[in-house]
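Structure first, commentary second.
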Amino acid sequence: MIQTQNITYTIGDKIILDDISVTFNPGNLNLIIGPNGAGKSTLVKVICNQIKAKEGWVQYGSENLADMTVSQLAKIRAVLSQNIELAFPLQVSEVVMMGRYPHFSVKPTEKDKTACEEAMRFFDVWEMANRDYMTLSGGEKQRVHFARVVAQIWYPPENNMGRYLVLDEPLTFLDVHYQFHFMHKLLELLNQKDIVVVGVVHDLNLAAKFADHIVLLDHGKLLAAGSKEEVLTKENIKTAYRLEPIIHSEKESMYLFFE
Amino acid sequence: MKKIIIYTVLVLSVSACGRFGNEDKKKDHKERLVVISKQYNEIIYALGAEENVVAVDVSSTYPPEIKELPNVGYHRALSAEAILAMKPTLILEDNNIGPEHVITQLKKLKIPMKQFGKYEHTIAGTDSLMHEMGRYFEKESKAEELCKKLDSDMKIALENTDSYKEKPKVLMIHFGRASNIYLVMTKNSTAGKLMEWAGGEMAVEGERGMKQFSPEVIAKSDPDVILLTDYGYDRLGSMEGIADLPGVSSTRAFKNKRVYRVEEHDMVYFGPRTGEVVLKLQNLIHQDGKSQ
Amino acid sequence: MEKASSRYKGIFPVLSVVLLIIVLLSIRYGAVSITLEDMVSAFQKHLSGEQGLNLTERIFMEIRLPRAILCIFVGASLAVGGALLQALFRNPIVEPGLVGTSCGAAFGAALYFALGATFNFNVGEYTLPLAACLGAICSTALVFFLSQSKQTGKSSVVTLLLVGIAINALFLSGVGFLSYIARDPQARSIIFWNLGTLSGANWPAVIIVGISTITCLVISLRYAKHLNALMIGEEEAQFIGVNLKSLKWKILLINVIMVAVATAFVGVISFVGLIVPHLLRILKGSDNRFLILNSAVLGGVLLCLADLLSRMLLRPAELPIGIVTSVVGVPIFIILLRKKNYFF
């Protein structure tokens with residue numbers, strides 16, 4: 001479980017996040033949505049300890065984020081950020097192996113190698129294991145990084161701390177096929193009940209289709225949080241995006257259109 | 001400065017390239033001298049004592065036949081092995097060699113090194129040095145002869161100088177130009193002294209022997225005569241080449257076509273030919289004075 | 001997966017053998033001809049404590065051999081420094097002098113040459129290395145200090161790089177000024193020092209540089225994995241367990257020690273630190289665990305080869321090694337660069 005308590009973050013006089021308290025539960029697919037400038041990425045950064053909130057705190061399970069070391073965190077939490085550029089040419093398998101770095105000191109163990117292989121097969125990149133990362137397409141690169149972050153938390157930690165996966169706009173470079181492919185893979189991962197997944201997405205229909213728990217931010221404030229039915233209401237969408245949606249519900253599914 | 005020196009070293013290396021391959025033709029000599037001093041070398045050759053000189057430094061260029069000897073490199077960037085390869089029984093040097101650690105190495109290996117006495121920077125001092133070297137090489141009479149020649153040349157030269165009515169201003173440019181900065185010999189240099197004896201005056205002052213000057217200073221000094229040392233002159237090739245030098249073409253010297261070539265090794269130390277050199281300089285800088 | 005990790009195998013033994021061959025050539029050939037018998041008898045006499053080494057044997061023991069070994073250590077130091085800084089800065093054009101180290105050393109040395117005599121600053125044989133080393137440490141410390149951001153106390157890697165470039169320029173002009181005001185012989189000493197020379201090699205230098213090289217190499221191997229992590233970005237590296245701040249200081253400290261000590265004894269030798277890591281990346285790959293160790297060996301090979309050439313080309317005179325490293329390194333570098341698809 002990741003919990004944020006009264007998070008406030010400011011730059012100068014500008015309030016970027018205003019008193020945000022949310023809870024992300026294990027086994028759930030938690031998605032953060034909101035218009036540009038709503039503070040989605042900032043919230044993710046606070047959760048990842050990249051920036052310190054002015055007020056409030058973050059908890060991973062029962063631990064306070066501020067008390068955890070970089071290496072402790074790395075063993076239980078993987079983060080996928082946007083726009084990763086490699087400084088020097090590496091093979092795909094070497095990039096994926098980086099996910100295991102927190103778990104071995106000098107040489108990877110068999111366990112690490114197995115984790116990498118399984119994660120690569122899981123995301124369809126095993127075939128390109130020996131290719132130069134620099135020669136891959138944008139979508140292929142993104143899948144390599146999926147494999148990397150998932151390899152990082154492939155095995156449950158010994159101390160039952162839980163596992164955490166934070167994704168900042170993971171779908172950017174993917175075509176529709178792989179967007180769906182990836183979301184289904186995330187659901188598959190969530191069958192292991194100790195994993196908490198938190199992601200930022202832009203596509204409201206994807207959120208509607210896959211999310212168990214949605215957090216809607218607007219102007220640094222928490223507009224709504226909860227199930228899709230609770231969050232994706234006409235009023236909320238109109239407030240946040242300044243567009244009138246047409247919401248079409250059919251059995252379990254929800255579809256949003258804009259005119 | 002850096003550019004000038006690197007340039008110089010490269011030029012020396014390249015122009016001396018032939019010299020680096022020189023074979024040691026004195027392999028069977030028991031006594032083997034490595035002489036790292038332009039001045040010593042000229043005197044040794046003048047004394048006729050060059051028999052056992054097996055190698056010299058790259059800057060020693062007079063007399064011309066010296067260039068046939070193997071050389072051990074630039075005198076401020078020596079390497080111990082280069083010298084040792086010549087199997088010296090004695091190294092003659094004038095306390096202007098480097099780098100320091102190489103000298104330390106040579107001393108550690110107990111390679112004999114010798115400097116001759118340090119004399120005044122005058123004709124008398126030069127005589128003393130030649131006498132000492134004459135004694136050392138057992139060529140006393142030849143040394144005496146050289147001194148006499150030098151003294152008599154100088155006497156004529158100084159008499160000439162007294163007869164000149166004017167004192168032309170002379171600019172002596174060393175190595176020509178590097179990125180529009182001229183390396184110029186000042187009043188305080190050896191060349192400055194030669195010029196004084198020859199009845200001329202160096203166009204620029206300076207605490208050190210050589211100094212860098214911008215084209216503006218060159219133009220402002222407005223010399224009557226410009227002397228270029230061999231390398232710089234040869235590179236420019238002609239009056240047209242010289243005309244392109246910034247600052248030079250506006251000088252009186254250039255307008256009167258009084259730009260001449262001198263040998264660098266004549267200008268940087270005193271030796272047995274110093275009197276001749278002064279006479280030669282007088283010829284160059286006093287042409288007008290003479291015709292009067 | 002096996003394939004991926006095994007692709008780095010084989011390079012280290014090959015390079016080691018090449019190094020051995022080059023070192024043997026380097027001690028065998030030079031201005032003075034030293035035969036194998038001379039070497040053997042020099043060792044025998046040395047081991048048996050006998051005093052009567054002849055000149056050739058002493059040249060071998062006191063000049064040739066320490067020089068070859070110093071070459072290895074200096075080459076290794078510079079190449080490893082380059083590999084470390086390129087990884088740390090995530091930038092392919094970085095060389096070990098970039099954080100001010102070698103320009104500071106040059107400035108320290110120039111101060112000694114230009115003013116040492118005037119102020120009677122002289123503590124014996126090691127005055128020059130000491131002055132250079134102090135210069136290197138001062139300038140590098142200055143770079144670190146100035147690159148600290150006022151607000152956060154953090155220093156971003158890009159700021160560090162920019163400050164490094166600026167301070168380098170400042171110290172270089174300092175060197176230029178000193179050589180301008182210096183008298184002629186001193187000015188020349190400054191210039192030759194800046195071109196680098198190994199002609200001053202002796203056993204104390206070998207021991208000092210050797211200790212710094214080996215210690216720093218072993219320590220830096222421990223951080224290879226962390227440096228790898230940096231390849232995907234500073235923030236991402238932290239997500240996989242790298243304590244960026246402490247890593248940065250450690251790597252910079254290791255680099256400064258290695259480069260300052262090596263430079264102090266041999267002067268400024270550029271280019272080795274830049275191209276050796278790239279050569280290895282082109283040949284095999286960018287994994288720093290592979291890169292750091294093999295940079296040490298290949299750096300030794302390259303410098304030894306350059307030194308051999310610098311002594312042989314104009315025999316018996318010597319070319320400054322700074323000129324030769326580029327002449328040797330650049331063609332190999334360009335050929336490989338064009339042959340393989342090496343791009344960023």
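Ordered as shown in the structure tokens, chains take letters A, B, and onward, while each chain numbers its residues from 1 and ligands are numbered from 1 in the order shown.
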DSSP strand (DSSP E or B) selection over stretch 15-254 of chain A, as a PyMOL selection string: chain A and resi 15-24+29-33+55-60+63-64+77-80+91+132+163-168+195-200+213-218+221-226+245-250+253-254
Let me see the file: selected residues, C-alpha atoms, as an mmCIF file, in the first residue's frame.
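What follows is the written file part_30.cif:
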data_model
loop_
_atom_site.group_PDB
_atom_site.id
_atom_site.type_symbol
_atom_site.label_atom_id
_atom_site.label_comp_id
_atom_site.auth_asym_id
_atom_site.auth_seq_id
_atom_site.Cartn_x
_atom_site.Cartn_y
_atom_site.Cartn_z
ATOM 1 C CA ILE A 15 1.068 25.790 -5.423
ATOM 2 C CA ILE A 16 1.639 22.675 -7.515
ATOM 3 C CA LEU A 17 0.060 20.136 -5.186
ATOM 4 C CA ASP A 18 -2.474 21.164 -2.605
ATOM 5 C CA ASP A 19 -3.128 18.872 0.333
ATOM 6 C CA ILE A 20 -3.303 15.566 -1.512
ATOM 7 C CA SER A 21 -4.203 12.487 0.505
ATOM 8 C CA VAL A 22 -4.683 9.296 -1.464
ATOM 9 C CA THR A 23 -4.216 5.579 -0.917
ATOM 10 C CA PHE A 24 -3.085 3.046 -3.518
ATOM 11 C CA LEU A 29 -4.488 -0.999 -10.890
ATOM 12 C CA ASN A 30 -4.288 2.613 -9.682
ATOM 13 C CA LEU A 31 -4.284 5.258 -12.372
ATOM 14 C CA ILE A 32 -3.766 8.977 -11.975
ATOM 15 C CA ILE A 33 -5.491 11.160 -14.570
ATOM 16 C CA GLU A 55 4.155 19.386 3.842
ATOM 17 C CA GLY A 56 2.785 15.917 4.330
ATOM 18 C CA TRP A 57 4.351 12.512 4.048
ATOM 19 C CA VAL A 58 4.319 9.325 2.010
ATOM 20 C CA GLN A 59 4.149 5.800 3.355
ATOM 21 C CA TYR A 60 5.105 2.545 1.686
ATOM 22 C CA GLU A 63 7.367 2.531 6.446
ATOM 23 C CA ASN A 64 7.725 6.259 6.103
ATOM 24 C CA ARG A 77 9.955 -0.513 -5.854
ATOM 25 C CA ALA A 78 10.512 -0.035 -9.566
ATOM 26 C CA VAL A 79 9.854 3.194 -11.419
ATOM 27 C CA LEU A 80 9.432 3.751 -15.118
ATOM 28 C CA GLN A 91 22.562 -4.662 -25.555
ATOM 29 C CA ASP A 132 21.814 -3.012 -29.627
ATOM 30 C CA ARG A 163 6.240 -4.625 -4.200
ATOM 31 C CA TYR A 164 5.592 -1.342 -5.897
ATOM 32 C CA LEU A 165 5.556 -0.334 -9.522
ATOM 33 C CA VAL A 166 5.246 3.334 -10.475
ATOM 34 C CA LEU A 167 4.683 4.214 -14.117
ATOM 35 C CA ASP A 168 4.815 7.763 -15.462
ATOM 36 C CA ILE A 195 2.006 -5.673 -6.003
ATOM 37 C CA VAL A 196 0.876 -2.055 -5.938
ATOM 38 C CA VAL A 197 0.741 -0.454 -9.369
ATOM 39 C CA VAL A 198 0.451 3.321 -9.730
ATOM 40 C CA GLY A 199 0.415 4.846 -13.175
ATOM 41 C CA VAL A 200 -0.186 8.130 -14.924
ATOM 42 C CA HIS A 213 -8.953 2.908 -8.717
ATOM 43 C CA ILE A 214 -8.736 6.299 -10.366
ATOM 44 C CA VAL A 215 -7.313 9.536 -8.957
ATOM 45 C CA LEU A 216 -8.357 12.678 -10.800
ATOM 46 C CA LEU A 217 -6.233 15.769 -10.224
ATOM 47 C CA ASP A 218 -6.978 19.290 -11.346
ATOM 48 C CA LYS A 221 -6.123 19.595 -6.092
ATOM 49 C CA LEU A 222 -7.637 16.187 -5.652
ATOM 50 C CA LEU A 223 -10.871 16.406 -7.595
ATOM 51 C CA ALA A 224 -12.031 12.851 -7.097
ATOM 52 C CA ALA A 225 -10.726 9.417 -6.177
ATOM 53 C CA GLY A 226 -12.356 6.024 -6.295
ATOM 54 C CA PRO A 245 -18.309 14.350 -22.337
ATOM 55 C CA ILE A 246 -20.816 11.828 -23.590
ATOM 56 C CA ILE A 247 -20.586 8.835 -21.312
ATOM 57 C CA HIS A 248 -21.814 5.578 -22.659
ATOM 58 C CA SER A 249 -22.145 2.718 -20.182
ATOM 59 C CA GLU A 250 -22.671 -0.845 -21.266
ATOM 60 C CA SER A 253 -17.768 -1.071 -19.512
ATOM 61 C CA MET A 254 -17.693 2.680 -19.864
#
Using only C-alpha atoms, I'd like a table of the residues in chain A that come within 9 Å of chain C; for each, show the closest atom pair and its distance in Å rounded to one decimal, ordered by chain and ascending number, as CSV.
residue,atom,partner,partner_atom,distance
A:Cys48,CA,C:Phe239,CA,8.1
A:Gln50,CA,C:Glu235,CA,7.5
A:Thr69,CA,C:Gly241,CA,8.6
A:Val70,CA,C:Gly241,CA,5.2
A:Ser71,CA,C:Gly241,CA,4.2
A:Gln72,CA,C:Gly241,CA,7.5
A:Leu73,CA,C:Gly241,CA,7.2
A:Ala74,CA,C:Gly241,CA,4.8
A:Lys75,CA,C:Gly241,CA,7.5
A:Arg77,CA,C:Phe239,CA,7.7
A:Ala78,CA,C:Phe239,CA,6.4
A:Val79,CA,C:Phe239,CA,6.2
A:Leu80,CA,C:Glu236,CA,7.7
A:Ser81,CA,C:Glu236,CA,7.3
A:Ile84,CA,C:Ile232,CA,6.2
A:Glu85,CA,C:Ile232,CA,6.1
A:Leu86,CA,C:Ile232,CA,4.9
A:Ala87,CA,C:Met231,CA,5.1
A:Phe88,CA,C:Ser286,CA,6.3
A:Pro89,CA,C:Ser286,CA,6.1
A:Leu90,CA,C:Ser286,CA,5.9
A:Gln91,CA,C:Ala4,CA,7.5
A:Ser93,CA,C:Met1,CA,6.8
A:Glu94,CA,C:Ala4,CA,7.4
A:Val95,CA,C:Ile232,CA,8.2
A:Met98,CA,C:Ala229,CA,6.3
A:Gly99,CA,C:Ile240,CA,6.5
A:Arg100,CA,C:Ile240,CA,7.9
A:Tyr101,CA,C:Ile240,CA,6.5
A:Pro102,CA,C:Gly241,CA,5.4
A:Ser105,CA,C:Lys225,CA,8.2
A:Val106,CA,C:Lys225,CA,7.2
A:Lys113,CA,C:Met1,CA,7.2
A:Cys116,CA,C:Met1,CA,8.6
A:Glu117,CA,C:Met1,CA,7.3
A:Ala129,CA,C:Met1,CA,7.2
A:Asn130,CA,C:Ala4,CA,6.2
A:Met134,CA,C:Phe344,CA,7.3
A:Val149,CA,C:Ile240,CA,8.9
A:Gln152,CA,C:Ile240,CA,7.9
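Among the candidates A:Pro156, A:Gly220, A:Gly27, A:Gly34, the one nearest to A:Asn191 when counting only C-alpha atoms is A:Gly27.
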Excluding A:Met128 and its own-chain neighbours fewer than 5 positions away, which residues fall within 10 Å of it when counting only C-alpha atoms? Please give them as a PyMOL selection string. chain A and resi 91-93+120+133+136+140+144
With C-alpha atoms retained, could you export that selection as a PDB file, in the first residue's frame?
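Dumped to again-v9.pdb:
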ATOM      1  CA  GLN A  91      22.562  -4.662 -25.555  1.00  0.00           C
ATOM      2  CA  VAL A  92      18.917  -5.106 -24.687  1.00  0.00           C
ATOM      3  CA  SER A  93      19.741  -7.837 -22.178  1.00  0.00           C
ATOM      4  CA  MET A 120      11.748 -10.301 -21.255  1.00  0.00           C
ATOM      5  CA  TYR A 133      19.298  -0.967 -27.689  1.00  0.00           C
ATOM      6  CA  LEU A 136      15.313  -0.285 -31.509  1.00  0.00           C
ATOM      7  CA  GLU A 140      10.482  -1.586 -28.661  1.00  0.00           C
ATOM      8  CA  VAL A 144      12.542  -3.215 -22.970  1.00  0.00           C
TER       9      VAL A 144
END
At what distance in Å, to one decimal, does atom CA of C:Leu217 lie from atom CA of C:Gly75?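 Between atom CA of C:Gly75 and atom CA of C:Leu217 the gap is 12.2 Å.
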Excluding same-chain residues fewer than 4 positions from stretch 297-305 of chain C, what lies within 9 Å of it counting only C-alpha atoms, as number ranges by chain? C: 12, 15-16, 18-20, 22-23, 25-26, 68-80, 272-273, 276-277, 279-280, 293, 309-310, 321, 325, 328-329
Quick one: residues within 8 Å of B:Ala82, only C-alpha atoms counted, chain neighbours fewer than 3 positions away excluded, as number ranges by chain? B: 72-73, 78-79, 85-86; C: 31-32, 315-318
Keeping only N, CA and C atoms, write the selected residues to a file as an mmCIF file, in the first residue's frame.
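The result, written out as out-v6.cif:
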data_model
loop_
_atom_site.group_PDB
_atom_site.id
_atom_site.type_symbol
_atom_site.label_atom_id
_atom_site.label_comp_id
_atom_site.auth_asym_id
_atom_site.auth_seq_id
_atom_site.Cartn_x
_atom_site.Cartn_y
_atom_site.Cartn_z
ATOM 1 N N VAL B 72 71.164 14.710 -30.620
ATOM 2 C CA VAL B 72 70.464 14.138 -29.466
ATOM 3 C C VAL B 72 69.197 14.917 -29.117
ATOM 4 N N GLY B 73 68.753 15.786 -30.007
ATOM 5 C CA GLY B 73 67.485 16.454 -29.778
ATOM 6 C C GLY B 73 67.650 17.884 -29.296
ATOM 7 N N LEU B 78 65.826 17.139 -23.604
ATOM 8 C CA LEU B 78 66.713 16.010 -23.850
ATOM 9 C C LEU B 78 66.135 14.744 -23.244
ATOM 10 N N SER B 79 66.645 13.613 -23.673
ATOM 11 C CA SER B 79 66.339 12.385 -22.960
ATOM 12 C C SER B 79 67.654 11.682 -22.674
ATOM 13 N N ALA B 85 72.973 6.719 -25.731
ATOM 14 C CA ALA B 85 73.127 5.885 -26.916
ATOM 15 C C ALA B 85 74.407 6.238 -27.665
ATOM 16 N N MET B 86 74.883 7.455 -27.484
ATOM 17 C CA MET B 86 76.105 7.869 -28.162
ATOM 18 C C MET B 86 77.345 7.457 -27.369
ATOM 19 N N ALA C 31 67.055 4.004 -28.017
ATOM 20 C CA ALA C 31 68.271 4.612 -28.543
ATOM 21 C C ALA C 31 69.483 3.731 -28.256
ATOM 22 N N VAL C 32 69.531 3.219 -27.017
ATOM 23 C CA VAL C 32 70.609 2.312 -26.654
ATOM 24 C C VAL C 32 70.107 0.899 -26.905
ATOM 25 N N ARG C 315 65.283 8.583 -33.449
ATOM 26 C CA ARG C 315 66.402 8.071 -32.684
ATOM 27 C C ARG C 315 67.713 8.733 -33.092
ATOM 28 N N PRO C 316 68.620 9.116 -32.194
ATOM 29 C CA PRO C 316 68.501 8.929 -30.748
ATOM 30 C C PRO C 316 67.676 9.995 -30.038
ATOM 31 N N ALA C 317 67.216 11.037 -30.740
ATOM 32 C CA ALA C 317 66.424 12.049 -30.039
ATOM 33 C C ALA C 317 65.020 11.519 -29.775
ATOM 34 N N GLU C 318 64.234 12.317 -29.056
ATOM 35 C CA GLU C 318 62.924 11.854 -28.639
ATOM 36 C C GLU C 318 61.852 12.861 -29.009
#
List as a PyMOL selection string the protein and nucleic acid residues near B:Val248, meaning an atom at most 7 Å away when only C-alpha atoms are counted, but skip any in the same chain fewer than 3 places from it. chain B and resi 218-219+243+245+251+254
Measuring atom to atom with only C-alpha atoms, identify which of C:Thr118, C:Asn255, C:Gln44, C:Thr263 is nearest to C:Ala182. C:Thr118
Could you work out which residues of chain B fall inside 8 Å of chain C? Count only C-alpha atoms, and format the result as a PyMOL selection string. chain B and resi 1-2+5-6+17+20-21+70-74+76-86+96+98-99+101-102+105+109+208+210
As a ChimeraX atom specification, which residues of stretch 8-227 of chain B does DSSP assign to helix (DSSP H, G or I)? /B:8-15,17-20,38-47,50-52,64-68,80-84,100-108,123-136,140-163,190-197,215-221
Residues at most 10 Å from B:Lys169, counting only C-alpha atoms, excluding those fewer than 2 positions away in the same chain, as a count of residues only? 19
For the atom pair atom CA of C:Phe43 and atom CA of C:Ile27, what is the interatomic distance in Å to one decimal place? 13.3 Å
Just to confirm, what's the straight-line distance from atom CA of C:Ile219 to atom CA of C:Leu291 in Å (one decimal)?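 Separation of atom CA of C:Ile219 and atom CA of C:Leu291: 14.2 Å.
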